[in-house]
Amino acid sequence: MDLRLRGRTVMVTGASSGVGLATVRHLVEEGARVVACARDLERLERATGDIDGVEPGQLHLVSCDVTDRDQVERMVSEAVEVMGGIDGLVCNAGRSLMAPLSETTDEQVREEIELKIFGAWNVIRAALPALAASDAASVVVINAILAKQPETRLAVTSAARASLLNLTKTLSVELAAEGVRVNSVCLGLIDTGQWRRRFEAAGTELGYEQWSARIAAERGISLGRFGAADEVAFPIVSLLSPRSSYTTGISLDIGGGVARHV
């Protein structure tokens, strides 16, 4: 199916690894022009260096801390100047803070809230004039099922993600008058660098596949495994498509059939 993204410009934050990088790959395959953003430009260049079929001028890389409003505004201005406009956003910057209350500092709480909220708010606010000028503007905010089903040891991240989910829903109503669709994609357990690092820190004798399958079973995931970044990139790109023109304000859960959290 042609998603009608060829020639349209999409900005993706958190693009140097995991879901963000997989989304960039899918967009390039669809013929979209992509502005890929990450804090570490060298890492971003390495990560995107082997993407096949990139045409001249199709992929523009930018270093930016999305919690810094000035940096974000410069990034958006540069994107509009280089690409001629912005038709879509994927707000993907994020991480998880796994710690109990007794081991969580006030500074960590502030950092989590700042990254989750301002990481989307700054980019959407700066890009709104360009989005409003598009005839098929779409914003996809990457979130987590954690926003709806909190877990132990993830209290701060759960609260920040719940706030982001509410913000996204509210913006979908507010920005509809501008012709901008806003949707959330809430992810379950996805095989990314964060989980690989947790596996290494666990000191288990199990292999990664066994270890992750055990966690999936404990969480009641129907498919019995972690998801892959490529598996969630397609639904994200689909929401950016003009073919999804009547879809806004939704929260799409992609978690392999999550039944419960523990």
# chains A, B, ... in the order shown; residues from 1 in each chain; ligands from 1
>>> residues_around(residues="segment 142-147 of chain A", least_positions_apart="6", cutoff="6 Å", atoms="only C-alpha atoms", output="PyMOL selection string")
chain A and resi 91-92+158+161-162+184-188
>>> write_last_selection(atoms="all heavy atoms", output="short mmCIF file (atom, residue, chain, number, x, y, z; two decimals), in the first residue's frame")
data_model
loop_
_atom_site.label_atom_id
_atom_site.label_comp_id
_atom_site.auth_asym_id
_atom_site.auth_seq_id
_atom_site.Cartn_x
_atom_site.Cartn_y
_atom_site.Cartn_z
N CYS A 91 7.62 12.45 18.07
CA CYS A 91 8.26 12.86 19.31
C CYS A 91 8.61 11.60 20.09
O CYS A 91 7.74 10.97 20.71
CB CYS A 91 7.32 13.76 20.12
SG CYS A 91 6.89 15.29 19.28
N ASN A 92 9.88 11.25 20.07
CA ASN A 92 10.30 9.94 20.55
C ASN A 92 11.34 10.00 21.66
O ASN A 92 11.73 8.97 22.18
CB ASN A 92 10.86 9.12 19.37
CG ASN A 92 11.40 7.78 19.78
OD1 ASN A 92 10.69 6.97 20.35
ND2 ASN A 92 12.68 7.54 19.53
N SER A 158 6.21 6.46 35.33
CA SER A 158 4.77 6.22 35.11
C SER A 158 3.99 7.52 35.19
O SER A 158 3.13 7.79 34.34
CB SER A 158 4.23 5.23 36.16
OG SER A 158 4.85 3.98 36.05
N ARG A 161 4.81 9.79 32.17
CA ARG A 161 4.20 9.29 30.94
C ARG A 161 2.68 9.47 30.96
O ARG A 161 2.08 9.73 29.92
CB ARG A 161 4.58 7.84 30.71
CG ARG A 161 6.05 7.67 30.34
CD ARG A 161 6.30 6.40 29.56
NE ARG A 161 7.66 6.28 29.08
CZ ARG A 161 8.14 6.89 27.99
NH1 ARG A 161 7.34 7.68 27.28
NH2 ARG A 161 9.39 6.71 27.61
N ALA A 162 2.06 9.35 32.12
CA ALA A 162 0.63 9.60 32.22
C ALA A 162 0.32 11.06 31.90
O ALA A 162 -0.66 11.38 31.22
CB ALA A 162 0.12 9.24 33.62
N SER A 184 -1.14 9.26 20.02
CA SER A 184 -0.14 8.60 20.87
C SER A 184 0.03 7.16 20.44
O SER A 184 -0.94 6.48 20.09
CB SER A 184 -0.58 8.61 22.34
OG SER A 184 -0.59 9.90 22.89
N VAL A 185 1.26 6.68 20.50
CA VAL A 185 1.54 5.26 20.37
C VAL A 185 2.20 4.81 21.67
O VAL A 185 3.27 5.30 22.04
CB VAL A 185 2.47 4.97 19.18
CG1 VAL A 185 2.93 3.51 19.19
CG2 VAL A 185 1.75 5.26 17.86
N CYS A 186 1.53 3.91 22.37
CA CYS A 186 2.01 3.45 23.67
C CYS A 186 2.62 2.07 23.53
O CYS A 186 1.94 1.10 23.17
CB CYS A 186 0.85 3.43 24.68
SG CYS A 186 0.22 5.07 25.09
N LEU A 187 3.90 2.00 23.83
CA LEU A 187 4.66 0.77 23.62
C LEU A 187 4.74 -0.07 24.88
O LEU A 187 4.78 0.44 25.99
CB LEU A 187 6.07 1.12 23.16
CG LEU A 187 6.19 2.03 21.93
CD1 LEU A 187 7.65 2.29 21.61
CD2 LEU A 187 5.47 1.42 20.73
N GLY A 188 4.78 -1.38 24.68
CA GLY A 188 5.05 -2.32 25.76
C GLY A 188 6.52 -2.62 25.84
O GLY A 188 7.36 -1.73 25.70
#
>>> residues_around(residues="Val180 of chain A", least_positions_apart="2", cutoff="10 Å", atoms="only C-alpha atoms", output="ChimeraX atom specification")
/A:87-88,128,131-139,171-178,182,245,248
>>> residues_around(residues="segment 222-226 of chain A", least_positions_apart="6", cutoff="9 Å", atoms="only C-alpha atoms", output="list in words")
Gly188, Leu189, Ile190, Asp191, Glu209, Ser212, Ala213, Arg214, Ile215, Ala216, Gly255, Gly256, Gly257, Val258 and Ala259 of chain A
>>> residues_around(residues="Glu30 of chain A", least_positions_apart="5", cutoff="12 Å", atoms="only C-alpha atoms", output="list in words")
Met1, Asp2, Leu3, Arg4, Leu5, Arg6, Gly7, Arg8, Thr9, Val10, Thr23, Val24, Arg25, Asp52, Gly53, Val54, Glu55, Gln58, Phe234, Val237, Ser238, Leu240 and Ser241 of chain A
>>> select_by_dssp(residues="segment 151-197 of chain A", states="strand (DSSP E)", output="ChimeraX atom specification")
/A:180-187
>>> write_last_selection(atoms="N, CA, C and O atoms", output="PDB file, in the first residue's frame")
ATOM      1  N   VAL A 180      -4.091  19.891  12.315  1.00  0.00           N
ATOM      2  CA  VAL A 180      -2.985  19.040  12.760  1.00  0.00           C
ATOM      3  C   VAL A 180      -3.549  17.877  13.578  1.00  0.00           C
ATOM      4  O   VAL A 180      -4.214  18.091  14.594  1.00  0.00           O
ATOM      5  N   ARG A 181      -3.282  16.661  13.123  1.00  0.00           N
ATOM      6  CA  ARG A 181      -3.691  15.473  13.872  1.00  0.00           C
ATOM      7  C   ARG A 181      -2.623  15.126  14.900  1.00  0.00           C
ATOM      8  O   ARG A 181      -1.431  15.242  14.626  1.00  0.00           O
ATOM      9  N   VAL A 182      -3.031  14.684  16.090  1.00  0.00           N
ATOM     10  CA  VAL A 182      -2.099  14.335  17.158  1.00  0.00           C
ATOM     11  C   VAL A 182      -2.531  13.006  17.773  1.00  0.00           C
ATOM     12  O   VAL A 182      -3.661  12.877  18.254  1.00  0.00           O
ATOM     13  N   ASN A 183      -1.648  12.028  17.742  1.00  0.00           N
ATOM     14  CA  ASN A 183      -1.963  10.706  18.277  1.00  0.00           C
ATOM     15  C   ASN A 183      -0.819  10.193  19.146  1.00  0.00           C
ATOM     16  O   ASN A 183       0.331  10.620  19.005  1.00  0.00           O
ATOM     17  N   SER A 184      -1.143   9.257  20.024  1.00  0.00           N
ATOM     18  CA  SER A 184      -0.144   8.603  20.875  1.00  0.00           C
ATOM     19  C   SER A 184       0.028   7.156  20.444  1.00  0.00           C
ATOM     20  O   SER A 184      -0.940   6.483  20.088  1.00  0.00           O
ATOM     21  N   VAL A 185       1.259   6.678  20.504  1.00  0.00           N
ATOM     22  CA  VAL A 185       1.545   5.256  20.368  1.00  0.00           C
ATOM     23  C   VAL A 185       2.195   4.807  21.668  1.00  0.00           C
ATOM     24  O   VAL A 185       3.268   5.304  22.038  1.00  0.00           O
ATOM     25  N   CYS A 186       1.530   3.910  22.368  1.00  0.00           N
ATOM     26  CA  CYS A 186       2.006   3.453  23.674  1.00  0.00           C
ATOM     27  C   CYS A 186       2.620   2.067  23.530  1.00  0.00           C
ATOM     28  O   CYS A 186       1.941   1.103  23.172  1.00  0.00           O
ATOM     29  N   LEU A 187       3.902   1.996  23.831  1.00  0.00           N
ATOM     30  CA  LEU A 187       4.656   0.774  23.618  1.00  0.00           C
ATOM     31  C   LEU A 187       4.741  -0.070  24.882  1.00  0.00           C
ATOM     32  O   LEU A 187       4.778   0.443  25.993  1.00  0.00           O
TER      33      LEU A 187
END
>>> closest_residue(among="A:Val109, A:Cys64, A:Leu167, A:Ala126", to="Leu154 of chain A", atoms="only C-alpha atoms")
A:Val109
>>> select_by_dssp(residues="segment 66-226 of chain A", states="helix (DSSP H, G or I)", output="number ranges by chain")
A: 69-83, 101-103, 106-132, 145-147, 155-178, 193-202, 208-218
>>> residues_around(residues="Gly193 of chain A", least_positions_apart="3", cutoff="8 Å", atoms="only C-alpha atoms", output="list in words")
Ser17, Gly18, Arg196 and Arg197 of chain A
>>> write_last_selection(atoms="N, CA and C atoms", output="PDB file, in the first residue's frame")
ATOM      1  N   SER A  17      18.690   5.486  17.694  1.00  0.00           N
ATOM      2  CA  SER A  17      18.638   4.077  18.088  1.00  0.00           C
ATOM      3  C   SER A  17      17.176   3.647  18.248  1.00  0.00           C
ATOM      4  N   GLY A  18      16.981   2.353  18.416  1.00  0.00           N
ATOM      5  CA  GLY A  18      15.687   1.799  18.776  1.00  0.00           C
ATOM      6  C   GLY A  18      14.556   2.179  17.860  1.00  0.00           C
ATOM      7  N   ARG A 196      18.662  -4.179  26.851  1.00  0.00           N
ATOM      8  CA  ARG A 196      19.954  -4.860  26.750  1.00  0.00           C
ATOM      9  C   ARG A 196      20.846  -4.484  27.928  1.00  0.00           C
ATOM     10  N   ARG A 197      20.821  -3.216  28.311  1.00  0.00           N
ATOM     11  CA  ARG A 197      21.641  -2.775  29.450  1.00  0.00           C
ATOM     12  C   ARG A 197      21.129  -3.386  30.756  1.00  0.00           C
TER      13      ARG A 197
END
>>> residues_around(residues="segment 68-85 of chain A", least_positions_apart="3", cutoff="7 Å", atoms="only C-alpha atoms", output="ChimeraX atom specification")
/A:9,35,62,64-65,122-123,126-127,130
